[in-house]
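J.: Take this structure first; my questions come after.
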Amino acid sequence: MSLFRLAVLPGLRAALWSFRRAPLRSLVLLQGVMWATVFGVTPPAILRGSREGALERAAELGTDRVLIRETTAAARLTWEVARELGAVDHEALWSVSAYARRERALFVDSETSEDSGRVVVAGRWFTADELLAARAGASPVCLVSEKTARELRGATTDLVEFAEAIAGGIVVELPGVPEGARVIGVFRFDSRATSAVDSFGYREDHPLREMVEELKTYFGVLDEDIDWLRDDTLVVLPAAVAPVDRPDVVLARARPDRVKDVADELRTRLLRRGVAPTMAVNPVVQILFSEQLRTIEELHVVIFVVCLIVGVLVVTNSMILSILDRRREIAIRRVEGAHVTTIVAQVLAETGVQCLAGALVGIPVALGLAELRASLDPSGALMWTFPATETLQTVVAITVAGILGGLIPAVHAARVDPARVLGSE
Amino acid sequence: MSDDSPTVPRLLVPLRVGIRSVWRHRSRFLLITLTLIAAFASSFTLSATLSSVQRRIRGDLRGVGLDLINIHPDPDPTRFFAHGLTVSDCERFAGLVSGECAPANVMPTLARTEDATDEIPVLALATTPAWDRVARHELIAGRFFGAGETDACVVDEWVYKRLFPEGATLDPNAPTLDLLVAGEPHRLRVVGVVRDPFRIRQRFEEWDAMGSARSHLVRFMEFKSVYVPRSLIGGGDTILLAVVRAGDGVDPIDGAARIREYLEERGSTAWVWARQEWVDSILDATAFVDVISGFLTFMILAVTALMVATVILIVIRGRFREIAVRRVEGADRRQILLQVVVENAAVAAVSAVVGLALAAGATRWLGDLLGVPVALGRSDVLLVGVFGMLVVIAAGALPARRAAGVDPVEVIRREL
């Protein structure tokens with residue numbers, strides 16, 4: 001408490017007084033410290049925000065997704081091969097589902113509706129038997145979207161009525177299915193999975209979209225139009241009744257931080273089977289969790305340390321001049337009875353307060369720059385968050401470094417001889 | 001000897017006084033010098049790093065063979081089958097550009113070591129010995145396979161380093177690998193290794209994050225291939241790839257246009273592109289990134305300059321009394337201004353030299369870290385050095401001009 005009264009409080013007062021007396025000098029100091037804070041806070045804000053976003057909003061951003069398709073004429077990627085992929089023993093692999101579309105029908109082999117971002121709101125999803133084999137003589141079963149259900153039963157129909165109608169038996173007419181398909185459930189799309197990103201996670205409405213498309217073309221990247229997976233006019237049927245022996249696309253879901261490992265594993269499996277796949281994986285998430293990003297993180301630490309050194313030198317310069325300007329004031333304080341240690345403590349406290357102020361100003365600037373960087377990137381996976389730990393570490397490092405930088409000015413202040421300074425007047 | 005002595009040239013007076021002044025305020029000048037050294041060293045390093053990385057990317061792209069023309073089917077599955085490329089087309093392409101053409105088939109597959117301890121995805125590129133004459137790859141070991149060598153292959157450096165990290169000897173005991181073709185392993189002798197043109201990926205390979213979505217038809221440009229005799233994969237008349245070297249005096253871009261015209265007449269949907277066009281297009285498309293990094297460099301230099309300028313400004317303001325005393329001693333305004341400029345120029349020059357030495361060490365370290373040789377180019381030294389010196393001199397001259405203009409009597413009275 002006495003330290004606070006003797007040093008910190010006067011230090012705070014002195015810092016405010018210094019700002020009023022020499023605003024230019026204080027601004028130089030503040031901006032120097034501010035940039036060091038920016039280098040300490042912005043990169044972890046983006047890295048942590050993007051990593052957290054990739055994990056927590058995986059369904060929305062598609063960061064957990066591996067889209068696989070076969071682009072050769074070999075036609076070896078069959079429903080059976082897709083099922084084999086689902087049986088791959090990889091701790092990060094969540095699910096594998098395959099899809100084919102023919103006119104108004106979407107054929108799936110997935111045992112849960114969630115794999116394709118659907119939620120069953122009335123009735124049920126397909127059973128394993130229904131997915132694997134068509135029953136001879138029986139009508140195929142299907143699910144329809146709420147929109148289609150309302151078209152069938154009237155716009156005012158609610159979910160309870162849907163369920164009753166399903167139990168009573170509703171048949172949807174489909175091209176190529178003469179007996180029609182019996183509706184067993186109604187689905188809606190999971191709102192969390194709604195997003196406007198392409199198969200690589202790039203935002204459809206971003207101003208740099210055109211540049212991304214151009215680069216994709218130059219690098220020979222095959223884009224997969226997967227919008228039809230979210231088409232609510234399609235009737236969903238089990239793969240067992242599909243008129244084609246292979247899916248159009250296979251969708252694997254995996255833990256975002258291991259999605260590249262999973263994609264590599266699935267690719268090796270497919271190549272062993274003679275399938276030449278192309279696989280779309282969110283490019284940002286691969287880099288975010290890559291080993292090679294550590295190189296950049298190491299570089300960031302070095303840049304931060306350089307900024308810190310420059311910041312400390314600016315603080316030292318500024319404070320020395322401040323002390324030279326205030327020799328008379330220091331001499332009077334000494335005459336009034338202030339001890340040398342109190343003067344030193346005050347100078348250090350003033351430096352600390354000024355650095356702290358600069359660091360606090362730097363935090364919103366750093367977060368603003370993080371927001372700017374994230375918004376400039378066409379990928380939806382680049383986000384930012386407030387990195388509390390790194391911010392605290394940065395503020396503490398800057399304040400401590402600033403105080404250390406204040407040691408030389410403090411010694412200058414301690415050497416002030418009151419008799420000589422006041423005597424010369 | 002006084003400052004006014006006629007034996008001392010007038011220009012040397014500010015220099016002598018400046019040196020004396022620097023010595024008198026040595027601790028303060030030492031701090032400014034340290035600040036400037038840090039600023040110069042970081043700016044030199046930043047400028048050298050950005051320009052070296054850009055140079056490396058451009059150099060790597062040019063290493064893929066700018067005088068070659070690629071012909072292959074449209075990767076879009078809806079247009080793929082209408083390519084109709086055959087071996088006889090390849091001969092025709094060669095005639096159209098008075099050069100040579102190498103036909104090939106491509107297939108993504110797996111390559112394994114003999115003992116199956118390592119297995120990596122590769123592109124099997126089935127071609128003829130003509131590929132060597134057309135592509136003119138730089139071989140870091142061995143040779144290209146010859147006619148009739150059905151059990152031989154050549155691998156790209158990327159493949160070789162992954163399959164044989166211990167560095168097996170190529171000749172006379174060539175290592176072997178098993179290449180999976182239609183699910184069956186085929187044992188092949190590795191008789192040559194092609195140098196990897198993409199040196200930048202040695203540290204940043206994972207950054208080609210969309211590589212898995214690339215069409216296998218263009219994967220030969222990744223240089224992760226195993227070159228095998230045509231008889232191994234699709235040895236018939238149909239081909240999936242042709243690489244053409246235009247003859248002397250034929251511009252590859254014009255040559256590509258001729259081949260394109262020929263294929264259009266035939267109703268083929270195949271793609272024809274000169275590698276020169278491709279490299280130019282990529283560099284054009286990434287010009288935006290260059291603009292961003294240029295802007296970033298400018299911003300960092302501007303912020304550094306601002307910081308340095310204001311520190312010097314503050315220091316000059318702190319020396320008003322000394323300047324006033326010099327005025328009272330008889331120095332005119334021009335001499336004061338010259339003294340400050342000389343002081344700052346000397347400090348900036350010393351800082352720039354030390355900063356340059358530090359940057360030389362930093363760039364070596366960065367080069368190791370990034371896997372790219374980072375070198376201080378003449379343009380980096382000139383840009384940062386001249387810009388930095390000018391900033392320091394200007395930053396000192398402006399307040400010095402003001403200080404020289406202040407009434408010395410007023411300043412000394414206020415100081416007391």
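For the structure tokens, the naming scheme is as follows: chains receive sequential letters (A, B, ...) according to their order of presentation, residues are indexed from 1 within each chain, and ligands are indexed from 1 in presentation order.
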Please return as a PyMOL selection string: the residues of stretch 261-344 of chain A that backbone DSSP assigns to strand (DSSP E or B).

T.: chain A and resi 277-281

J.: Tell me, counting only C-alpha atoms, for each residue of chain B within 6 Å of chain A, which pair of atoms is nearest and how far apart they are in Å to one decimal, in rows ordered by chain and increasing number, as CSV.

T.:
residue,atom,partner,partner_atom,distance
B:Thr35,CA,A:Leu313,CA,5.8
B:Pro108,CA,A:Ala276,CA,5.8
B:Thr109,CA,A:Leu271,CA,5.5
B:Ala182,CA,A:Gly274,CA,5.4
B:Gly183,CA,A:Gly274,CA,5.5
B:Ala209,CA,A:Pro283,CA,4.7
B:Met210,CA,A:Pro283,CA,5.8
B:Ser212,CA,A:Met279,CA,5.2
B:Ala213,CA,A:Met279,CA,4.7
B:Arg214,CA,A:Val221,CA,4.1
B:Ser215,CA,A:Gly220,CA,5.9

J.: Atom CA of B:Ala48 and atom CA of A:Ile46 are how many Å apart?

T.: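 Rounded to one decimal, the two atoms are 25.7 Å apart.
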
J.: Could you pull the residues within 8 Å of A:Glu350, counting only C-alpha atoms, minus those fewer than 2 positions along the same chain, as a list in words?

T.: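 Selected residues are Val8, Pro10, Gly11, Leu12, Ala14, Ala15, Gln346, Val347, Leu348, Gly352, Val353 and Gln354 of chain A.
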
J.: Can you write out the residues you just picked, keeping C-alpha atoms, as an mmCIF file, in the first residue's frame?

T.:
data_model
loop_
_atom_site.group_PDB
_atom_site.id
_atom_site.type_symbol
_atom_site.label_atom_id
_atom_site.label_comp_id
_atom_site.auth_asym_id
_atom_site.auth_seq_id
_atom_site.Cartn_x
_atom_site.Cartn_y
_atom_site.Cartn_z
ATOM 1 C CA VAL A 8 2.688 4.198 -8.223
ATOM 2 C CA PRO A 10 2.864 9.758 -8.022
ATOM 3 C CA GLY A 11 4.032 7.794 -11.084
ATOM 4 C CA LEU A 12 0.515 7.866 -12.474
ATOM 5 C CA ALA A 14 3.600 12.233 -13.277
ATOM 6 C CA ALA A 15 2.642 10.278 -16.395
ATOM 7 C CA GLN A 346 8.586 7.279 -9.142
ATOM 8 C CA VAL A 347 10.514 7.403 -12.414
ATOM 9 C CA LEU A 348 10.142 3.660 -12.827
ATOM 10 C CA GLY A 352 5.594 1.570 -16.224
ATOM 11 C CA VAL A 353 2.349 3.566 -16.351
ATOM 12 C CA GLN A 354 3.225 5.047 -19.742
#

J.: Using atom CA of A:Val33 and atom CA of B:Ala349 as the two end points, give the distance in Å to one decimal.

T.: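 Spanning atom CA of A:Val33 to atom CA of B:Ala349 is a straight-line distance of 25.8 Å.
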
J.: Could you name the residues that touch B:Leu66 at 10 Å or less, counting only C-alpha atoms, but leaving out those on the same chain fewer than 2 positions away, as a count of residues only?

T.: 16

J.: With distances taken over only C-alpha atoms, which of B:Ile282, B:Thr117, B:Val347, B:Val22 is nearest to B:Ile393?

T.: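 With only C-alpha atoms as the atom set, the closest residue is B:Val347.
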
J.: What lies within 6 Å of stretch 395-397 of chain B using only C-alpha atoms, ignoring chain neighbours under 4 positions off, as a PyMOL selection string?

T.: chain B and resi 309+312+341+391+401

J.: Pick from B:His25, B:Thr128, B:Ala102, B:Asp178: nearest to B:Glu322, with only C-alpha atoms counted?

T.: B:His25

J.: Can you work out which one of B:Val325, B:Ala394, B:Val87, B:Ala362 has the shortest atom-to-atom distance to B:Pro408, counting only C-alpha atoms?

T.: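 Closest to B:Pro408, using only C-alpha atoms: B:Val325.
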
J.: Give me the residues near A:Val120 as a list in words, where near means some atom within 7 Å (using only C-alpha atoms) and where sequence neighbours in that chain fewer than 3 positions away do not count.

T.: Ser113, Arg124, Trp125, Gly185, Val186, Phe187 and Arg188 of chain A

J.: Measure the distance from atom CA of B:Leu358 to atom CA of B:Asp60 in Å and round it to one decimal.

T.: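 We find that atom CA of B:Leu358 and atom CA of B:Asp60 lie 28.3 Å from each other.
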
J.: Of the candidates A:Ala163, A:Leu106, A:Arg153, A:Glu179, which shows the shortest atom-to-atom distance to A:Val121, using only C-alpha atoms?

T.: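 When distances to A:Val121 are compared using only C-alpha atoms, the smallest one comes from A:Ala163.
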
J.: Could you pull out the helix (DSSP H, G or I) residues of stretch 221-357 of chain A, going by DSSP on the backbone, and write them as a count of residues only?

T.: 90
